[in-house]
>>> print(open('start_29.csv').read())   # CSV, C-alpha atoms and all ligand atoms
chain,number,residue,atom,x,y,z
A,879,MET,CA,70.6,-3.8,164.4
A,880,GLU,CA,70.4,-4.0,160.7
A,881,GLN,CA,69.0,-1.0,158.9
A,882,SER,CA,67.3,-1.4,155.5
A,883,ALA,CA,69.1,0.8,153.0
A,884,GLU,CA,65.7,1.8,151.6
A,885,ASN,CA,65.9,5.3,152.9
A,886,LEU,CA,69.6,5.7,152.1
A,887,PRO,CA,71.2,6.5,148.8
A,888,PHE,CA,72.5,3.3,147.1
A,889,CYS,CA,76.1,2.4,147.7
A,890,ILE,CA,78.6,0.0,146.2
A,891,VAL,CA,80.8,-1.6,148.8
A,892,VAL,CA,84.0,-3.1,147.5
A,893,LEU,CA,86.0,-5.6,149.5
A,894,SER,CA,89.4,-6.9,148.3
A,895,GLY,CA,92.2,-8.8,149.9
A,896,PRO,CA,94.5,-11.7,149.2
A,897,SER,CA,93.1,-15.2,149.5
A,898,GLY,CA,94.1,-16.2,153.1
A,899,SER,CA,93.1,-12.8,154.5
A,900,GLY,CA,89.9,-14.2,155.8
A,901,LYS,CA,87.8,-12.3,153.3
A,902,THR,CA,85.3,-15.0,152.6
A,903,THR,CA,84.5,-15.4,156.3
A,904,ILE,CA,84.3,-11.7,156.7
A,905,VAL,CA,81.8,-11.4,153.8
A,906,SER,CA,79.5,-14.0,155.2
A,907,ARG,CA,79.6,-12.5,158.7
A,908,LEU,CA,78.9,-9.0,157.2
A,909,VAL,CA,75.9,-10.2,155.2
A,910,GLN,CA,74.4,-11.4,158.6
A,911,GLU,CA,75.5,-8.6,160.9
A,912,SER,CA,76.0,-5.4,158.9
A,913,PRO,CA,74.3,-2.3,160.3
A,914,VAL,CA,73.1,-1.6,156.7
A,915,LYS,CA,71.5,-4.4,154.7
A,916,LEU,CA,74.2,-5.8,152.3
A,917,ILE,CA,73.5,-8.0,149.3
A,918,LYS,CA,76.5,-10.0,148.2
A,919,SER,CA,76.9,-9.8,144.4
A,920,ILE,CA,77.2,-13.1,142.7
A,921,SER,CA,80.1,-12.9,140.3
A,922,ALA,CA,80.3,-14.6,136.9
A,923,THR,CA,83.4,-16.7,136.2
A,924,THR,CA,84.8,-19.0,133.6
A,925,ARG,CA,86.6,-21.0,136.3
A,926,PRO,CA,85.1,-24.5,136.7
A,927,ALA,CA,83.0,-25.0,139.8
A,928,ARG,CA,84.7,-26.6,142.8
A,929,GLU,CA,83.0,-29.7,144.3
A,930,HIS,CA,80.9,-27.9,146.9
A,931,GLU,CA,80.0,-24.9,144.7
A,932,VAL,CA,76.5,-24.3,143.3
A,933,ASP,CA,75.8,-22.5,140.1
A,934,GLN,CA,74.0,-19.2,140.6
A,935,GLU,CA,74.7,-19.3,144.4
A,936,ASP,CA,78.5,-19.2,144.6
A,937,TYR,CA,79.1,-17.9,141.0
A,938,TYR,CA,77.4,-17.8,137.7
A,939,PHE,CA,79.6,-20.4,136.0
A,940,LEU,CA,79.9,-19.4,132.3
A,941,THR,CA,81.8,-20.9,129.4
A,942,PRO,CA,84.5,-18.5,128.0
A,943,GLU,CA,82.2,-18.0,125.0
A,944,GLU,CA,79.2,-17.0,127.2
A,945,PHE,CA,81.5,-14.7,129.2
A,946,GLU,CA,82.8,-13.0,126.1
A,947,GLU,CA,79.3,-12.6,124.6
A,948,ARG,CA,78.0,-10.9,127.8
A,949,LYS,CA,81.1,-8.7,127.8
A,950,GLN,CA,80.4,-7.6,124.3
A,951,ARG,CA,76.8,-6.9,125.2
A,952,GLY,CA,78.1,-4.5,127.9
A,953,GLU,CA,76.5,-6.5,130.7
A,954,PHE,CA,79.5,-6.2,133.1
A,955,LEU,CA,80.2,-3.5,135.6
A,956,GLU,CA,83.8,-4.7,135.7
A,957,TYR,CA,85.8,-7.8,134.8
A,958,ALA,CA,89.3,-9.1,135.2
A,959,GLU,CA,91.5,-12.1,134.6
A,960,VAL,CA,92.3,-13.1,138.2
A,961,HIS,CA,95.6,-14.6,139.5
A,962,ARG,CA,96.9,-15.1,136.0
A,963,THR,CA,95.0,-18.3,135.8
A,964,GLY,CA,93.4,-17.6,132.4
A,965,TYR,CA,90.1,-17.6,134.2
A,966,TRP,CA,87.9,-14.5,134.0
A,967,TYR,CA,85.7,-13.1,136.7
A,968,GLY,CA,83.2,-10.2,136.5
A,969,THR,CA,80.4,-8.4,138.2
A,970,LEU,CA,77.2,-8.3,136.2
A,971,LYS,CA,75.3,-5.0,136.2
A,972,SER,CA,72.1,-7.0,137.0
A,973,GLU,CA,73.6,-7.7,140.4
A,974,LEU,CA,73.4,-4.0,141.3
A,975,GLU,CA,69.8,-4.0,140.2
A,976,ARG,CA,69.1,-7.1,142.3
A,977,ALA,CA,70.5,-5.4,145.4
A,978,GLN,CA,68.6,-2.2,144.8
A,979,LYS,CA,65.3,-4.2,144.4
A,980,GLU,CA,66.1,-5.9,147.7
A,981,ASN,CA,66.7,-2.5,149.4
A,982,GLY,CA,70.3,-3.2,150.2
A,983,TRP,CA,73.8,-2.0,149.3
A,984,VAL,CA,75.7,-4.2,147.0
A,985,LEU,CA,78.8,-5.9,148.3
A,986,LEU,CA,81.5,-6.8,145.7
A,987,GLU,CA,84.2,-9.2,146.8
A,988,ILE,CA,86.6,-8.7,143.9
A,989,ASP,CA,90.3,-8.5,143.0
A,990,VAL,CA,92.3,-5.3,142.9
A,991,GLU,CA,92.2,-4.9,139.2
A,992,GLY,CA,88.3,-5.0,139.2
A,993,ALA,CA,88.3,-2.7,142.3
A,994,LEU,CA,90.5,-0.1,140.5
A,995,ASN,CA,88.0,-0.1,137.7
A,996,ILE,CA,85.1,0.4,140.1
A,997,MET,CA,86.9,3.3,141.8
A,998,HIS,CA,87.4,5.0,138.5
A,999,GLU,CA,83.8,4.6,137.4
A,1000,TYR,CA,82.1,5.0,140.8
A,1001,PRO,CA,84.2,7.3,143.0
A,1002,ASP,CA,81.5,7.2,145.6
A,1003,ALA,CA,81.9,3.5,146.2
A,1004,LEU,CA,83.1,2.5,149.6
A,1005,THR,CA,86.4,0.5,149.3
A,1006,ILE,CA,87.9,-1.7,151.9
A,1007,PHE,CA,91.1,-3.8,151.7
A,1008,ILE,CA,91.5,-6.7,154.1
A,1009,THR,CA,94.9,-8.0,155.0
A,1010,THR,CA,96.8,-10.1,157.6
A,1011,PRO,CA,99.3,-8.7,160.1
A,1012,SER,CA,102.3,-10.2,158.3
A,1013,GLU,CA,103.2,-12.1,155.2
A,1014,GLU,CA,104.2,-15.1,157.3
A,1015,GLU,CA,100.7,-15.3,158.8
A,1016,PHE,CA,99.1,-14.9,155.4
A,1017,GLU,CA,101.2,-17.8,154.0
A,1018,GLN,CA,100.3,-19.9,157.0
A,1019,ARG,CA,96.6,-19.3,156.5
A,1020,LEU,CA,96.8,-20.2,152.9
A,1021,ARG,CA,98.6,-23.5,153.7
A,1022,ASP,CA,96.2,-24.2,156.6
A,1023,ARG,CA,93.3,-24.3,154.1
A,1024,GLY,CA,95.0,-27.2,152.5
A,1025,THR,CA,92.9,-26.9,149.3
A,1026,GLU,CA,95.6,-25.8,146.9
A,1027,ASP,CA,98.8,-27.3,145.6
A,1028,GLU,CA,102.2,-25.6,145.9
A,1029,ALA,CA,102.1,-24.0,142.5
A,1030,VAL,CA,98.7,-22.4,143.3
A,1031,ILE,CA,100.0,-21.2,146.7
A,1032,GLN,CA,103.1,-19.6,145.1
A,1033,ARG,CA,100.9,-17.9,142.5
A,1034,ARG,CA,98.6,-16.6,145.2
A,1035,LEU,CA,101.5,-15.3,147.3
A,1036,GLU,CA,102.9,-13.5,144.2
A,1037,THR,CA,99.4,-12.0,143.5
A,1038,ALA,CA,99.1,-10.9,147.1
A,1039,ARG,CA,102.4,-9.1,147.0
A,1040,ARG,CA,101.4,-7.4,143.9
A,1041,GLU,CA,98.0,-6.5,145.2
A,1042,LEU,CA,99.4,-5.1,148.4
A,1043,GLU,CA,101.0,-2.3,146.4
A,1044,PHE,CA,97.5,-1.0,145.8
A,1045,VAL,CA,96.3,-0.8,149.4
A,1046,ASP,CA,96.7,3.0,149.4
A,1047,ARG,CA,94.1,3.3,146.7
A,1048,TYR,CA,91.4,1.9,149.0
A,1049,GLN,CA,89.6,4.2,151.4
A,1050,HIS,CA,90.1,1.8,154.3
A,1051,CYS,CA,92.6,-1.0,155.1
A,1052,VAL,CA,91.5,-3.4,157.8
A,1053,ILE,CA,94.0,-5.8,159.4
A,1054,ASN,CA,92.3,-9.2,160.1
A,1055,ASP,CA,94.4,-9.9,163.2
A,1056,ASN,CA,91.3,-11.0,165.1
A,1057,LEU,CA,88.1,-11.8,163.2
A,1058,ASP,CA,85.6,-10.2,165.7
A,1059,ARG,CA,87.7,-7.1,166.0
A,1060,ALA,CA,88.0,-6.8,162.2
A,1061,ILE,CA,84.2,-7.2,161.8
A,1062,ILE,CA,83.5,-4.5,164.4
A,1063,GLU,CA,85.9,-2.2,162.5
A,1064,ILE,CA,84.1,-2.8,159.2
A,1065,LYS,CA,80.7,-2.4,160.7
A,1066,ASP,CA,81.8,1.0,162.0
A,1067,ILE,CA,83.0,1.9,158.5
A,1068,LEU,CA,79.6,1.0,157.1
A,1069,SER,CA,77.7,3.0,159.8
A,1070,ASN,CA,79.9,6.0,159.2
A,1071,LYS,CA,79.2,5.8,155.4
A,1072,ALA,CA,75.5,5.5,156.1
A,1073,GLY,CA,75.7,8.6,158.3
A,1074,GLU,CA,77.6,10.5,155.7
A,1075,LEU,CA,75.1,9.6,153.0
A,1076,ASN,CA,72.2,10.5,155.2
A,1077,ASN,CA,73.6,13.9,155.8
A,1078,HIS,CA,74.0,14.5,152.1
A,1079,ALA,CA,70.6,13.1,151.2
A,1101,LIG,P1,88.1,-18.0,143.6
A,1101,LIG,O1,88.5,-18.6,142.3
A,1101,LIG,O2,89.0,-18.5,144.8
A,1101,LIG,O3,86.7,-18.2,144.0
A,1101,LIG,O4,88.3,-16.4,143.5
A,1101,LIG,C1,89.5,-15.9,143.2
A,1101,LIG,C2,89.5,-14.4,143.3
A,1101,LIG,O5,88.6,-13.9,142.3
A,1101,LIG,C3,89.0,-13.8,144.6
A,1101,LIG,O6,90.1,-13.4,145.4
A,1101,LIG,C4,88.1,-12.7,144.2
A,1101,LIG,O7,88.6,-11.5,144.8
A,1101,LIG,C5,88.2,-12.6,142.7
A,1101,LIG,N1,86.9,-12.3,142.2
A,1101,LIG,C6,85.7,-13.0,142.4
A,1101,LIG,N2,84.7,-12.5,141.8
A,1101,LIG,C7,85.2,-11.4,141.1
A,1101,LIG,C8,84.6,-10.4,140.2
A,1101,LIG,O8,83.4,-10.4,139.9
A,1101,LIG,N3,85.5,-9.5,139.6
A,1101,LIG,C9,86.8,-9.5,139.9
A,1101,LIG,N4,87.5,-8.5,139.4
A,1101,LIG,N5,87.4,-10.4,140.7
A,1101,LIG,C10,86.6,-11.3,141.3
>>> encode(input="start_29.csv", output="structure tokens", more="lines below")
Ligand code: 5GP
Amino acid sequence: MEQSAENLPFCIVVLSGPSGSGKTTIVSRLVQESPVKLIKSISATTRPAREHEVDQEDYYFLTPEEFEERKQRGEFLEYAEVHRTGYWYGTLKSELERAQKENGWVLLEIDVEGALNIMHEYPDALTIFITTPSEEEFEQRLRDRGTEDEAVIQRRLETARRELEFVDRYQHCVINDNLDRAIIEIKDILSNKAGELNNHA
């Protein structure tokens, strides 16, 4: 049963993991099923929208100039250039306010660099890394998606290897060997955090 986070202290939940780890599916399941109401933060990016993507739903698609201006104005909680693509991604502070207004915890699905910045600024944030059982499986999942060309796949594999070095910095690492099992594990992590915050409230 979902519990409104209204009576709980606010919490930032950070989820990272390589593309191919099943992160996106996990995020949409969690938004539906989490024991504590979760509001998914909509990131800003300078990457062009993909065919099915909708501005202000999937991302706030910004020009590099707009991104830079907002950065200068201090509107970002964190930002990073992801996958060495030259594209910037960032979490707007206004997304935190939106989640708070909606009585939820904010869920950030961000890369390792952004996550490390959040850990530094907000040590109380709940941080979870999602991964696959093996590198072979991870590569297979990436290929199965069939959305990216070989150069992109290679770059994502390289990023994943680099990102895996930071797993230990996260409070939790969840292996997505089975989606339902992984979801249950994350829901338990969220319930425990809610219990912890309740005890300290
Ligand atoms: P994609 O371009 O496939 O939508 O996303 C690429 C990567 O960007 C994802 O793996 C995600 O973790 C990362 N990302 C998305 N939004 C943000 C953000 O706001 N900040 C940071 N640091 N990374 C993000």
>>> residues_near_ligand(input="start_29.csv", ligand="ligand LIG 1101 (chain A)", cutoff="10 Å", atoms="only C-alpha atoms and all ligand atoms", output="PDB file with C-alpha atoms, keeping the file's coordinate frame")
ATOM      1  CA  VAL A 892      84.000  -3.100 147.500  1.00  0.00           C
ATOM      2  CA  LEU A 893      86.000  -5.600 149.500  1.00  0.00           C
ATOM      3  CA  SER A 894      89.400  -6.900 148.300  1.00  0.00           C
ATOM      4  CA  GLY A 895      92.200  -8.800 149.900  1.00  0.00           C
ATOM      5  CA  PRO A 896      94.500 -11.700 149.200  1.00  0.00           C
ATOM      6  CA  SER A 897      93.100 -15.200 149.500  1.00  0.00           C
ATOM      7  CA  GLY A 898      94.100 -16.200 153.100  1.00  0.00           C
ATOM      8  CA  SER A 899      93.100 -12.800 154.500  1.00  0.00           C
ATOM      9  CA  LYS A 901      87.800 -12.300 153.300  1.00  0.00           C
ATOM     10  CA  THR A 902      85.300 -15.000 152.600  1.00  0.00           C
ATOM     11  CA  SER A 919      76.900  -9.800 144.400  1.00  0.00           C
ATOM     12  CA  ILE A 920      77.200 -13.100 142.700  1.00  0.00           C
ATOM     13  CA  SER A 921      80.100 -12.900 140.300  1.00  0.00           C
ATOM     14  CA  ALA A 922      80.300 -14.600 136.900  1.00  0.00           C
ATOM     15  CA  THR A 923      83.400 -16.700 136.200  1.00  0.00           C
ATOM     16  CA  THR A 924      84.800 -19.000 133.600  1.00  0.00           C
ATOM     17  CA  ARG A 925      86.600 -21.000 136.300  1.00  0.00           C
ATOM     18  CA  PRO A 926      85.100 -24.500 136.700  1.00  0.00           C
ATOM     19  CA  ALA A 927      83.000 -25.000 139.800  1.00  0.00           C
ATOM     20  CA  ARG A 928      84.700 -26.600 142.800  1.00  0.00           C
ATOM     21  CA  GLU A 931      80.000 -24.900 144.700  1.00  0.00           C
ATOM     22  CA  ASP A 936      78.500 -19.200 144.600  1.00  0.00           C
ATOM     23  CA  TYR A 937      79.100 -17.900 141.000  1.00  0.00           C
ATOM     24  CA  TYR A 938      77.400 -17.800 137.700  1.00  0.00           C
ATOM     25  CA  PHE A 954      79.500  -6.200 133.100  1.00  0.00           C
ATOM     26  CA  LEU A 955      80.200  -3.500 135.600  1.00  0.00           C
ATOM     27  CA  GLU A 956      83.800  -4.700 135.700  1.00  0.00           C
ATOM     28  CA  TYR A 957      85.800  -7.800 134.800  1.00  0.00           C
ATOM     29  CA  ALA A 958      89.300  -9.100 135.200  1.00  0.00           C
ATOM     30  CA  GLU A 959      91.500 -12.100 134.600  1.00  0.00           C
ATOM     31  CA  VAL A 960      92.300 -13.100 138.200  1.00  0.00           C
ATOM     32  CA  HIS A 961      95.600 -14.600 139.500  1.00  0.00           C
ATOM     33  CA  THR A 963      95.000 -18.300 135.800  1.00  0.00           C
ATOM     34  CA  TYR A 965      90.100 -17.600 134.200  1.00  0.00           C
ATOM     35  CA  TRP A 966      87.900 -14.500 134.000  1.00  0.00           C
ATOM     36  CA  TYR A 967      85.700 -13.100 136.700  1.00  0.00           C
ATOM     37  CA  GLY A 968      83.200 -10.200 136.500  1.00  0.00           C
ATOM     38  CA  THR A 969      80.400  -8.400 138.200  1.00  0.00           C
ATOM     39  CA  LEU A 970      77.200  -8.300 136.200  1.00  0.00           C
ATOM     40  CA  LEU A 986      81.500  -6.800 145.700  1.00  0.00           C
ATOM     41  CA  GLU A 987      84.200  -9.200 146.800  1.00  0.00           C
ATOM     42  CA  ILE A 988      86.600  -8.700 143.900  1.00  0.00           C
ATOM     43  CA  ASP A 989      90.300  -8.500 143.000  1.00  0.00           C
ATOM     44  CA  VAL A 990      92.300  -5.300 142.900  1.00  0.00           C
ATOM     45  CA  GLU A 991      92.200  -4.900 139.200  1.00  0.00           C
ATOM     46  CA  GLY A 992      88.300  -5.000 139.200  1.00  0.00           C
ATOM     47  CA  ALA A 993      88.300  -2.700 142.300  1.00  0.00           C
ATOM     48  CA  LEU A 994      90.500  -0.100 140.500  1.00  0.00           C
ATOM     49  CA  ASN A 995      88.000  -0.100 137.700  1.00  0.00           C
ATOM     50  CA  ILE A 996      85.100   0.400 140.100  1.00  0.00           C
ATOM     51  CA  ARG A1034      98.600 -16.600 145.200  1.00  0.00           C
ATOM     52  CA  THR A1037      99.400 -12.000 143.500  1.00  0.00           C
ATOM     53  CA  ALA A1038      99.100 -10.900 147.100  1.00  0.00           C
TER      54      ALA A1038
END
>>> atom_distance(input="start_29.csv", atom1="atom CA of A:Ile1062", atom2="atom CA of A:Glu935")
26.4 Å
>>> atom_distance(input="start_29.csv", atom1="atom CA of A:Val905", atom2="atom CA of A:His930")
17.9 Å
>>> closest_residue(input="start_29.csv", among="A:Thr903, A:Asn1056, A:Gln1032, A:Asn1076", to="A:Glu1017", atoms="only C-alpha atoms")
A:Gln1032
>>> closest_residue(input="start_29.csv", among="A:Leu974, A:Glu999, A:Thr1005, A:Ser906", to="A:Val1045", atoms="only C-alpha atoms")
A:Thr1005
>>> atom_distance(input="start_29.csv", atom1="atom CA of A:Asn1070", atom2="atom CA of A:Phe888")
14.4 Å
>>> closest_residue(input="start_29.csv", among="A:Glu911, A:Glu947, A:Asp1066, A:Ile917", to="A:Gln978", atoms="all atoms listed in the file")
A:Ile917
>>> residues_around(input="start_29.csv", residues="A:Gln1018", least_positions_apart="6", cutoff="12 Å", atoms="only C-alpha atoms", output="PyMOL selection string")
chain A and resi 897-900+1010-1012+1024+1031+1035
>>> residues_around(input="start_29.csv", residues="A:Arg976", least_positions_apart="3", cutoff="12 Å", atoms="only C-alpha atoms", output="PyMOL selection string")
chain A and resi 888+916-920+970-973+979-985
>>> closest_residue(input="start_29.csv", among="A:Arg951, A:Leu1068, A:Ile1061, A:Asn1077", to="A:Arg907", atoms="all atoms listed in the file")
A:Ile1061
>>> decode(input="start_29.csv", residues="stretch 917-931 of chain A", atoms="N, CA, C and O atoms", output="PDB file, in the first residue's frame")
ATOM      1  N   ILE A 917       7.825  10.852  -6.564  1.00  0.00           N
ATOM      2  CA  ILE A 917       7.606  11.716  -7.728  1.00  0.00           C
ATOM      3  C   ILE A 917       8.893  11.696  -8.536  1.00  0.00           C
ATOM      4  O   ILE A 917       9.959  12.077  -8.034  1.00  0.00           O
ATOM      5  N   LYS A 918       8.801  11.250  -9.780  1.00  0.00           N
ATOM      6  CA  LYS A 918      10.007  11.186 -10.602  1.00  0.00           C
ATOM      7  C   LYS A 918      10.396  12.589 -11.075  1.00  0.00           C
ATOM      8  O   LYS A 918       9.562  13.298 -11.641  1.00  0.00           O
ATOM      9  N   SER A 919      11.604  12.957 -10.789  1.00  0.00           N
ATOM     10  CA  SER A 919      12.090  14.258 -11.246  1.00  0.00           C
ATOM     11  C   SER A 919      12.240  14.231 -12.769  1.00  0.00           C
ATOM     12  O   SER A 919      12.713  13.251 -13.338  1.00  0.00           O
ATOM     13  N   ILE A 920      11.809  15.297 -13.417  1.00  0.00           N
ATOM     14  CA  ILE A 920      12.012  15.418 -14.864  1.00  0.00           C
ATOM     15  C   ILE A 920      13.296  16.224 -15.056  1.00  0.00           C
ATOM     16  O   ILE A 920      13.396  17.362 -14.594  1.00  0.00           O
ATOM     17  N   SER A 921      14.276  15.603 -15.680  1.00  0.00           N
ATOM     18  CA  SER A 921      15.567  16.262 -15.860  1.00  0.00           C
ATOM     19  C   SER A 921      15.535  17.236 -17.030  1.00  0.00           C
ATOM     20  O   SER A 921      14.704  17.111 -17.928  1.00  0.00           O
ATOM     21  N   ALA A 922      16.473  18.157 -16.994  1.00  0.00           N
ATOM     22  CA  ALA A 922      16.688  19.025 -18.151  1.00  0.00           C
ATOM     23  C   ALA A 922      17.843  18.442 -18.953  1.00  0.00           C
ATOM     24  O   ALA A 922      18.756  17.838 -18.377  1.00  0.00           O
ATOM     25  N   THR A 923      17.797  18.560 -20.251  1.00  0.00           N
ATOM     26  CA  THR A 923      18.913  18.078 -21.077  1.00  0.00           C
ATOM     27  C   THR A 923      19.065  18.907 -22.343  1.00  0.00           C
ATOM     28  O   THR A 923      18.093  19.492 -22.831  1.00  0.00           O
ATOM     29  N   THR A 924      20.306  18.886 -22.850  1.00  0.00           N
ATOM     30  CA  THR A 924      20.547  19.539 -24.141  1.00  0.00           C
ATOM     31  C   THR A 924      20.498  18.501 -25.265  1.00  0.00           C
ATOM     32  O   THR A 924      20.683  18.837 -26.420  1.00  0.00           O
ATOM     33  N   ARG A 925      20.278  17.232 -24.920  1.00  0.00           N
ATOM     34  CA  ARG A 925      20.168  16.195 -25.965  1.00  0.00           C
ATOM     35  C   ARG A 925      18.870  16.423 -26.750  1.00  0.00           C
ATOM     36  O   ARG A 925      17.844  16.739 -26.157  1.00  0.00           O
ATOM     37  N   PRO A 926      18.914  16.221 -28.063  1.00  0.00           N
ATOM     38  CA  PRO A 926      17.673  16.369 -28.828  1.00  0.00           C
ATOM     39  C   PRO A 926      16.660  15.293 -28.432  1.00  0.00           C
ATOM     40  O   PRO A 926      17.049  14.196 -28.044  1.00  0.00           O
ATOM     41  N   ALA A 927      15.384  15.613 -28.542  1.00  0.00           N
ATOM     42  CA  ALA A 927      14.333  14.652 -28.178  1.00  0.00           C
ATOM     43  C   ALA A 927      14.340  13.487 -29.154  1.00  0.00           C
ATOM     44  O   ALA A 927      14.554  13.671 -30.352  1.00  0.00           O
ATOM     45  N   ARG A 928      14.138  12.265 -28.629  1.00  0.00           N
ATOM     46  CA  ARG A 928      13.948  11.104 -29.502  1.00  0.00           C
ATOM     47  C   ARG A 928      12.507  11.137 -29.989  1.00  0.00           C
ATOM     48  O   ARG A 928      11.667  11.835 -29.417  1.00  0.00           O
ATOM     49  N   GLU A 929      12.233  10.321 -30.984  1.00  0.00           N
ATOM     50  CA  GLU A 929      10.945  10.392 -31.693  1.00  0.00           C
ATOM     51  C   GLU A 929       9.719  10.360 -30.778  1.00  0.00           C
ATOM     52  O   GLU A 929       8.808  11.156 -30.923  1.00  0.00           O
ATOM     53  N   HIS A 930       9.732   9.434 -29.809  1.00  0.00           N
ATOM     54  CA  HIS A 930       8.547   9.261 -28.961  1.00  0.00           C
ATOM     55  C   HIS A 930       8.531  10.189 -27.750  1.00  0.00           C
ATOM     56  O   HIS A 930       7.588  10.158 -26.966  1.00  0.00           O
ATOM     57  N   GLU A 931       9.581  10.977 -27.579  1.00  0.00           N
ATOM     58  CA  GLU A 931       9.701  11.750 -26.338  1.00  0.00           C
ATOM     59  C   GLU A 931       8.932  13.073 -26.385  1.00  0.00           C
ATOM     60  O   GLU A 931       8.858  13.719 -27.421  1.00  0.00           O
TER      61      GLU A 931
END
